[in-house]
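Trainee: For reference, the structure I am asking about is given below.
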Amino acid sequence: MLIEIRELQVHPVDFNEHFAPGTIDFGADFRQEGNLDSKGRAQLVQEHHGKHQVINDIRLVGDFSARIELACARCLEPIHRDVAKNFELLYRPQGSDAGKEELSVTAAEAEVGYYQGEGLLLEDVLREQVLLALPLKAICREDCKGLCPHCGRNLNQEQCNCAEAPEDPRWSALKDIREKLQH
């Protein structure tokens, strides 16, 4: 769904969209299960920069919910997570801040995104918001044993017969310090 500046100049745009799996590309690491539902409102915010320059910002307020499949960071088994989030975002035309001298960025300015052309694609906004809502490293359960570093077997399902790797001699100095501190 394209949120167009031309339409926002006339009136705010309400949206209630349902995106089927595969409509939005989340990359190879994540897979959408079921619809991604989003609703909210887009409106135009005009900023005056100087006497004659007006910048058309797009303000989006809304929420989304989806079910996402991702891999466990330890054992690589699939995990299914329900993700939901409210958002309030501001998008400015790309290049509108160009030419300003470098200054430190305030917290409010760090929340500004940019759009190109005649408007903003809702799908791009939702892709970004879903990816931000997902954990960096998800695990299937707290006691997940992961994969054997030698043979690659899932240690949650079966024990492997790999011999313990010999202790690396580079760690012996730290081991000696730990033993001294414990006694």
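Identifiers in the structure tokens: chain A, B, ... in order shown; residue index from 1 per chain; ligand index from 1 in order shown.
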Sort by chain and increasing residue number a table of all residues of segment 70-146 of chain A within 9 Å of segment 31-40 of chain A, each with its closest pair of atoms and their distance in Å to one decimal, counting only C-alpha atoms, and write it as a tab-separated table.

Mentor:
residue	atom	partner	partner_atom	distance
A:Leu70	CA	A:Arg31	CA	6.6
A:His80	CA	A:Glu33	CA	8.5
A:Leu126	CA	A:Ser38	CA	8.2

Trainee: Please give the complete set of residues from segment 9-175 of chain A that DSSP, run on the backbone, assigns to helix (DSSP H, G or I), formatted as a PyMOL selection string.

Mentor: chain A and resi 107-110+122-133+169-175

Trainee: Can you work out which one of A:Val112, A:Cys148, A:Ile55, A:Leu60 has the shortest atom-to-atom distance to Pro12 of chain A, counting only C-alpha atoms?

Mentor: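 Between A:Val112, A:Cys148, A:Ile55, A:Leu60, the residue approaching Pro12 of chain A most closely is A:Leu60.
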
Trainee: If DSSP is run on the backbone, what residues of chain A are strand (DSSP E)? A reply as a ChimeraX atom specification would be ideal.

Mentor: /A:2-4,13-19,30-49,53-71,78-93,112-115,119-121

Trainee: Using only C-alpha atoms, which of the listed residues (A:Ser172, A:Gln116, A:Thr23, A:Asn86) sits closest to Asn56 of chain A?

Mentor: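 Among A:Ser172, A:Gln116, A:Thr23, A:Asn86, it is A:Gln116 that comes nearest to Asn56 of chain A.
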
Trainee: Need to verify the contact set: Gly113 of chain A, 7 Å, only C-alpha atoms, exclusion of same-chain residues closer than 5 positions in sequence. Can you return it as a list in words?

Mentor: Leu90, Tyr91 and Arg92 of chain A

Trainee: Calculated over only C-alpha atoms, which of the candidates A:Lys175, A:Lys137, A:Lys145, A:Arg59 has the smallest distance to Glu111 of chain A?

Mentor: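 Closest residue, counting only C-alpha atoms: A:Arg59.
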
Trainee: Have a look at A:Ile139, A:Ala173, A:Met1, A:Cys151 and name the one nearest to Cys75 of chain A; count only C-alpha atoms.

Mentor: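 Under the stated criterion, the closest residue is A:Ile139.
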
Trainee: In Å, with one decimal, what is the gap from atom CA of Cys144 of chain A to atom CA of Leu76 of chain A?

Mentor: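 Rounded to one decimal, the two atoms are 10.4 Å apart.
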
Trainee: Please report the interatomic distance between atom CA of Ala42 of chain A and atom CA of Gln129 of chain A in Å with one decimal.

Mentor: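 These atoms are spaced 15.6 Å apart.
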
Trainee: Would you pick out the contacts of segment 159-169 of chain A at 7 Å or less, using only C-alpha atoms, so that residues sharing its chain but fewer than 4 positions from it are not included, and give the list as a ChimeraX atom specification?

Mentor: /A:150,153,155

Trainee: Taking only C-alpha atoms into account, which of A:Asp29, A:Glu142, A:Asp124, A:Asp57 comes nearest Pro78 of chain A?

Mentor: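 Checking each of A:Asp29, A:Glu142, A:Asp124, A:Asp57 against Pro78 of chain A, counting only C-alpha atoms, the winner is A:Asp29.
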
Trainee: Pick from A:Val13, A:Leu136, A:Ile24, A:Val130: nearest to Arg67 of chain A, with only C-alpha atoms counted?

Mentor: A:Val130

Trainee: Calculate how many Å separate atom CA of Leu134 of chain A from atom CA of Val83 of chain A, rounding to one decimal.

Mentor: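 Separation between atom CA of Leu134 of chain A and atom CA of Val83 of chain A: 7.2 Å.
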